[in-house]
Structure formats: structure tokens, C-alpha cells
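Chemist: Provided herewith: entry_9.cif, mmCIF, C-alpha atoms.
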data_target
#
loop_
_atom_site.label_atom_id
_atom_site.label_comp_id
_atom_site.auth_asym_id
_atom_site.auth_seq_id
_atom_site.Cartn_x
_atom_site.Cartn_y
_atom_site.Cartn_z
CA GLY A 1039 -88.44 -17.84 35.23
CA GLN A 1040 -89.97 -15.04 33.21
CA GLN A 1041 -91.29 -16.00 29.77
CA LEU A 1042 -92.98 -14.14 26.97
CA ASN A 1043 -96.51 -14.96 25.79
CA GLN A 1044 -96.22 -16.53 22.36
CA SER A 1045 -99.09 -17.60 20.12
CA PRO A 1046 -100.28 -19.74 18.63
CA GLN A 1047 -98.90 -22.68 20.55
CA SER A 1048 -98.97 -24.85 17.42
CA MET A 1049 -99.93 -24.62 13.77
CA PHE A 1050 -100.66 -27.36 11.24
CA ILE A 1051 -100.72 -26.01 7.70
CA GLN A 1052 -100.48 -27.04 4.07
CA GLU A 1053 -97.37 -26.36 2.03
CA GLY A 1054 -97.62 -22.98 0.33
CA GLU A 1055 -99.68 -21.31 3.05
CA ASP A 1056 -98.52 -18.22 4.90
CA VAL A 1057 -97.92 -18.35 8.63
CA SER A 1058 -98.06 -15.70 11.32
CA MET A 1059 -97.06 -15.90 14.97
CA ASN A 1060 -96.56 -13.27 17.65
CA CYS A 1061 -95.15 -12.53 21.05
CA THR A 1062 -96.31 -10.13 23.71
CA SER A 1063 -94.74 -8.96 26.91
CA SER A 1064 -95.66 -6.85 29.89
CA SER A 1065 -92.13 -5.41 29.78
CA ILE A 1066 -90.40 -3.24 27.23
CA PHE A 1067 -87.52 -4.78 25.30
CA ASN A 1068 -84.82 -3.01 23.33
CA THR A 1069 -84.17 -5.99 21.09
CA TRP A 1070 -86.43 -8.72 19.77
CA LEU A 1071 -85.09 -11.93 18.28
CA TRP A 1072 -86.69 -14.85 16.47
CA TYR A 1073 -85.19 -18.35 16.56
CA LYS A 1074 -85.99 -21.69 14.95
CA GLN A 1075 -85.27 -25.00 16.64
CA ASP A 1076 -85.12 -28.24 14.69
CA PRO A 1077 -85.58 -31.56 16.52
CA GLY A 1078 -82.48 -32.52 18.49
CA GLU A 1079 -80.78 -29.22 17.78
CA GLY A 1080 -80.27 -25.93 19.53
CA PRO A 1081 -82.12 -22.77 18.40
CA VAL A 1082 -80.75 -20.89 15.42
CA LEU A 1083 -81.19 -17.14 15.05
CA LEU A 1084 -83.45 -16.14 12.16
CA ILE A 1085 -84.02 -12.42 12.54
CA ALA A 1086 -82.92 -9.70 14.97
CA LEU A 1087 -84.83 -6.44 15.49
CA TYR A 1088 -83.28 -3.44 17.20
CA LYS A 1089 -85.66 -0.53 16.76
CA ALA A 1090 -89.33 0.02 17.57
CA GLY A 1091 -91.38 -0.19 14.38
CA GLU A 1092 -88.58 -1.93 12.49
CA LEU A 1093 -89.68 -4.37 9.80
CA THR A 1094 -87.00 -6.82 8.69
CA SER A 1095 -87.03 -9.62 6.13
CA ASN A 1096 -84.85 -12.67 5.67
CA GLY A 1097 -85.96 -14.51 2.55
CA ARG A 1098 -89.52 -15.69 3.11
CA LEU A 1099 -89.43 -14.54 6.73
CA THR A 1100 -90.57 -11.10 7.86
CA ALA A 1101 -90.54 -9.85 11.44
CA GLN A 1102 -91.58 -6.61 13.05
CA PHE A 1103 -90.66 -4.89 16.30
CA GLY A 1104 -93.86 -3.47 17.79
CA ILE A 1105 -94.18 0.27 18.29
CA THR A 1106 -94.87 -0.19 21.99
CA ARG A 1107 -91.71 -2.34 22.27
CA LYS A 1108 -93.83 -4.92 24.04
CA ASP A 1109 -94.59 -7.15 21.08
CA SER A 1110 -93.23 -8.65 17.89
CA PHE A 1111 -94.52 -10.85 15.10
CA LEU A 1112 -93.01 -13.25 12.60
CA ASN A 1113 -94.51 -14.09 9.23
CA ILE A 1114 -93.45 -16.94 6.98
CA SER A 1115 -94.69 -16.76 3.41
CA ALA A 1116 -95.24 -19.70 1.06
CA SER A 1117 -94.31 -22.31 3.64
CA ILE A 1118 -92.30 -25.38 2.63
CA PRO A 1119 -91.79 -28.70 4.45
CA SER A 1120 -88.37 -27.67 5.80
CA ASP A 1121 -90.04 -24.84 7.73
CA VAL A 1122 -91.16 -27.49 10.23
CA GLY A 1123 -89.82 -26.85 13.71
CA ILE A 1124 -90.37 -24.80 16.84
CA TYR A 1125 -90.13 -21.04 16.54
CA PHE A 1126 -89.20 -18.95 19.57
CA CYS A 1127 -89.27 -15.24 20.13
CA ALA A 1128 -86.85 -13.71 22.61
CA GLY A 1129 -86.53 -10.29 24.14
CA LEU A 1130 -83.23 -8.89 25.27
CA SER A 1131 -83.47 -7.40 28.73
CA TYR A 1132 -80.81 -4.94 29.78
CA GLY A 1133 -80.06 -4.51 33.41
CA GLY A 1134 -77.82 -5.61 36.20
CA ALA A 1135 -74.58 -7.32 35.39
CA THR A 1136 -75.98 -9.44 32.61
CA ASN A 1137 -78.01 -8.78 29.53
CA LYS A 1138 -80.41 -11.73 29.40
CA LEU A 1139 -82.57 -13.29 26.74
CA ILE A 1140 -86.15 -13.91 27.84
CA PHE A 1141 -87.74 -16.55 25.64
CA GLY A 1142 -91.29 -17.15 24.50
CA THR A 1143 -92.96 -20.50 25.00
CA GLY A 1144 -92.57 -21.45 21.35
CA THR A 1145 -94.79 -22.12 18.34
CA LEU A 1146 -94.69 -25.61 16.87
CA LEU A 1147 -95.09 -25.49 13.10
CA ALA A 1148 -96.03 -28.54 11.07
CA VAL A 1149 -96.21 -28.29 7.27
CA GLN A 1150 -97.95 -30.95 5.25
CA PRO A 1151 -96.65 -31.39 1.69
CA GLY B 260 -65.73 -28.45 14.90
CA ALA B 261 -66.69 -24.83 14.46
CA GLY B 262 -69.86 -24.87 16.55
CA VAL B 263 -70.80 -25.29 20.19
CA SER B 264 -70.63 -28.92 21.27
CA GLN B 265 -72.25 -30.58 24.24
CA SER B 266 -71.88 -33.98 25.82
CA PRO B 267 -73.44 -36.34 26.44
CA SER B 268 -76.29 -35.90 23.99
CA ASN B 269 -78.54 -38.01 26.20
CA LYS B 270 -78.28 -38.89 29.87
CA VAL B 271 -80.58 -41.17 31.82
CA THR B 272 -80.04 -41.28 35.54
CA GLU B 273 -81.76 -42.42 38.70
CA LYS B 274 -83.30 -40.03 41.16
CA GLY B 275 -80.75 -38.95 43.75
CA LYS B 276 -77.68 -39.41 41.55
CA ASP B 277 -75.38 -36.57 40.51
CA VAL B 278 -74.85 -35.69 36.83
CA GLU B 279 -72.33 -33.57 34.95
CA LEU B 280 -73.07 -31.97 31.60
CA ARG B 281 -70.30 -30.57 29.45
CA CYS B 282 -70.18 -27.65 27.02
CA ASP B 283 -67.39 -26.72 24.59
CA PRO B 284 -67.99 -23.20 23.29
CA ILE B 285 -66.86 -21.74 20.00
CA SER B 286 -63.19 -20.84 20.13
CA GLY B 287 -62.75 -17.19 21.06
CA HIS B 288 -66.20 -16.81 22.58
CA THR B 289 -65.64 -15.59 26.10
CA ALA B 290 -69.33 -15.44 26.97
CA LEU B 291 -71.05 -18.73 27.83
CA TYR B 292 -74.66 -19.35 28.83
CA TRP B 293 -76.59 -22.33 30.17
CA TYR B 294 -80.33 -22.73 29.62
CA ARG B 295 -82.92 -25.33 30.56
CA GLN B 296 -85.73 -26.27 28.20
CA SER B 297 -88.53 -28.27 29.76
CA LEU B 298 -91.01 -30.14 27.58
CA GLY B 299 -93.18 -27.72 25.65
CA GLN B 300 -91.53 -24.70 27.21
CA GLY B 301 -89.20 -21.98 26.10
CA LEU B 302 -85.64 -21.64 27.28
CA GLU B 303 -85.03 -20.73 30.89
CA PHE B 304 -81.78 -18.90 31.71
CA LEU B 305 -79.62 -20.65 34.29
CA ILE B 306 -76.14 -19.13 34.46
CA TYR B 307 -73.81 -16.83 32.51
CA PHE B 308 -70.01 -16.70 32.38
CA GLN B 309 -68.00 -13.84 30.90
CA GLY B 310 -64.25 -14.11 30.89
CA ASN B 311 -62.79 -14.01 34.38
CA SER B 312 -65.72 -12.12 35.88
CA ALA B 313 -67.86 -13.68 38.59
CA PRO B 314 -70.64 -15.68 36.91
CA ASP B 315 -74.25 -14.57 37.03
CA LYS B 316 -75.94 -17.48 38.82
CA SER B 317 -79.29 -15.78 39.23
CA GLY B 318 -81.15 -18.35 37.12
CA LEU B 319 -80.06 -21.48 38.96
CA PRO B 320 -83.25 -23.03 40.40
CA SER B 321 -81.72 -24.48 43.56
CA ASP B 322 -78.42 -25.07 45.33
CA ARG B 323 -78.32 -28.53 43.78
CA PHE B 324 -77.29 -26.82 40.54
CA SER B 325 -73.79 -25.48 40.02
CA ALA B 326 -71.54 -24.72 37.08
CA GLU B 327 -67.93 -23.94 36.50
CA ARG B 328 -65.83 -22.85 33.59
CA THR B 329 -62.21 -23.86 33.57
CA GLY B 330 -59.59 -21.93 31.65
CA GLY B 331 -62.21 -19.65 30.19
CA SER B 332 -63.34 -22.34 27.77
CA VAL B 333 -65.06 -25.62 28.66
CA SER B 334 -67.94 -25.44 31.12
CA THR B 335 -69.54 -28.13 33.26
CA LEU B 336 -73.05 -27.94 34.69
CA THR B 337 -73.49 -30.20 37.72
CA ILE B 338 -76.81 -31.26 39.17
CA GLN B 339 -76.58 -32.98 42.53
CA ARG B 340 -79.18 -35.35 43.96
CA THR B 341 -81.23 -35.22 40.78
CA GLN B 342 -85.01 -35.06 40.98
CA GLN B 343 -87.58 -36.05 38.37
CA GLU B 344 -88.44 -32.39 37.77
CA ASP B 345 -84.85 -31.86 36.61
CA SER B 346 -85.69 -33.83 33.45
CA ALA B 347 -85.25 -31.43 30.55
CA VAL B 348 -82.95 -30.48 27.70
CA TYR B 349 -79.99 -28.45 28.91
CA LEU B 350 -78.66 -26.08 26.27
CA CYS B 351 -75.38 -24.23 26.21
CA ALA B 352 -74.67 -21.15 24.11
CA SER B 353 -71.65 -18.97 23.54
CA SER B 354 -71.03 -15.53 22.10
CA LEU B 355 -68.44 -12.84 21.72
CA PRO B 356 -68.36 -10.52 24.76
CA GLY B 357 -71.27 -8.12 24.77
CA PHE B 358 -73.04 -9.85 21.90
CA THR B 359 -75.89 -11.34 23.90
CA ASP B 360 -78.08 -10.96 20.82
CA THR B 361 -75.84 -13.26 18.79
CA GLN B 362 -75.61 -16.46 20.79
CA TYR B 363 -74.74 -19.74 19.11
CA PHE B 364 -76.41 -22.74 20.68
CA GLY B 365 -75.20 -26.29 21.08
CA PRO B 366 -77.46 -29.26 20.36
CA GLY B 367 -78.24 -29.76 24.04
CA THR B 368 -78.15 -32.64 26.50
CA ARG B 369 -81.43 -34.42 27.11
CA LEU B 370 -81.54 -35.41 30.77
CA THR B 371 -84.05 -37.96 31.98
CA VAL B 372 -84.33 -38.65 35.70
CA LEU B 373 -86.14 -41.87 36.51
#
What would you get if you wrote out this structure as C-alpha cells?

Modeler:
Amino acid sequence: GQQLNQSPQSMFIQEGEDVSMNCTSSSIFNTWLWYKQDPGEGPVLLIALYKAGELTSNGRLTAQFGITRKDSFLNISASIPSDVGIYFCAGLSYGGATNKLIFGTGTLLAVQP
Amino acid sequence: GAGVSQSPSNKVTEKGKDVELRCDPISGHTALYWYRQSLGQGLEFLIYFQGNSAPDKSGLPSDRFSAERTGGSVSTLTIQRTQQEDSAVYLCASSLPGFTDTQYFGPGTRLTVL
């Protein structure tokens, strides 16, 4: 199935560092979403973006909806050990009978105390 | 519980056997989605149910895969004649109708086909 290009694939950082990851697509999306998945759990929504150029924060997390509507990034500031997990972007594609989420391939984040 | 639940949490089966995976959505959520997550990959859409409407099966990878939703609540994903490439985590999500951007995911079923 269709997937978004997400980078980096993995990151190994020290506690306190800032983190940045991004997603790009060949298609335009009307909504971008960022999820976090802990081991053995399903993804949990972190931030939702609904407008091109929108910059939204949720605590130490900041995400932006690219002007072209084909990309988005997520920043995590002052990382802590509990930030460990896999982060996924997702674009919401409208069309047909179903609005579908198209997911990125994920960024594995490891934080060393 | 208040969240989406899935069972079993882990399933190991032999190639060629059939398996059934169960999803209990959040009460009141009429929209239900199934996804497959292969190792190191993102989530791949499989099937979508909304109320009594015909399901969107466009993501099912082959005719060995089927799903049903009884009584507008519990859903079962069935994989017949399992193959090793079916090994993955199968995730279920539910949402209020029209709120595709606000899906709540279950913990998934890890399927291993030997």
C-alpha cells in the first residue's frame, strides 16, 4: 500500500537533546497527523494539523503542516527517556467512500539517560 | 474497559492454518478500521466499517483475508490458509463517524506464521 517517506529511520540521542523528524509525500494532504507508538501498544495521536502552514505545539512537541501540503515535521525539545518509541506521521486522504490514513514508515527514537 | 481491546495479544500458527483476530471497539464508535503493521513498516490500511454501510475492503491484500462486524460492534478479521508473509501486528482502531482523524487504536495482535 501507499506510504509516506519519513526520515530519519532511527535516532539515538542523549537526554536533553532536541529531535526533528519529517515526512514527505508526492500527494497533497488536507490533514497531517503525528502518532507515537510504545512497544506492545497501538499508536496514540500526538498532534493534528489541519491547515497549510499551521504550526501547533503540545508541550515539548511542535509540528508544522508544510505550505505545499506535501510535507510535515515534528520537533521534540529537551528529550526525556519516556520519549522513547516509534513516531509515525500520517496524512488523511479524502476521496471515494472512505477517508483513509496513509502512514509514514516510522522513526524509532532511543533516548539515553 | 474504556479503550479498544484486541484478542489474542499473540498468536502463533502453522502455515496453512486459518486464524481469527478479534476487536472490541470503544462503545459508541460506529467506525472501525483494521491495519497491518509489518516489521519496521508503517501501518497499512486493510478494511473499514461504518455503521450498516458496506465495508471498504480495498486494502485487503488477497481473498484469503476477510472481516466481519456483527451487531455494529465487535469485529473479526479472518486469515485463511496463512502464509509466512502474513506475519505482522494487526491493529484495530475505532472512531466516531466521520472522525477519521481521531482514531483510537487497540494494542494489536502479533501474528507469527511458522

Chemist: I want to know what sits within 10 Å of Thr272 in chain B, based on all atoms listed in the file, with residues of the same chain fewer than 4 positions away left out; could you give that as a ChimeraX atom specification?

Modeler: /B:276-278,341-343,346,370-373

Chemist: Which of these residues is nearest to chain B, using all atoms listed in the file: A:Ile1118, A:Leu1112, A:Leu1084, A:Ile1105?

Modeler: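 Closest residue, counting all atoms listed in the file: A:Leu1084.
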
Chemist: Could you tell me how far CA of Thr361 in chain B lies from CA of Tyr349 in chain B, in Å and to one decimal?

Modeler: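 For CA of Thr361 in chain B relative to CA of Tyr349 in chain B, the distance reads 18.7 Å.
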
Chemist: By how many Å are CA of Thr359 in chain B and CA of Leu1071 in chain A apart?

Modeler: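 Between CA of Thr359 in chain B and CA of Leu1071 in chain A the gap works out to 10.8 Å.
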
Chemist: Find, counting only C-alpha atoms, the residue in B:Glu303, B:Val333, B:Ala326, B:Ser354 that gets nearest to chain A.

Modeler: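 Smallest separation from chain A among the options: B:Glu303.
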
Chemist: Between B:Glu279, B:Asp360, B:Asp322, B:Glu344, single out the one closest to chain A, counting all atoms listed in the file.

Modeler: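 Comparing B:Glu279, B:Asp360, B:Asp322, B:Glu344 against chain A, the winner is B:Asp360.
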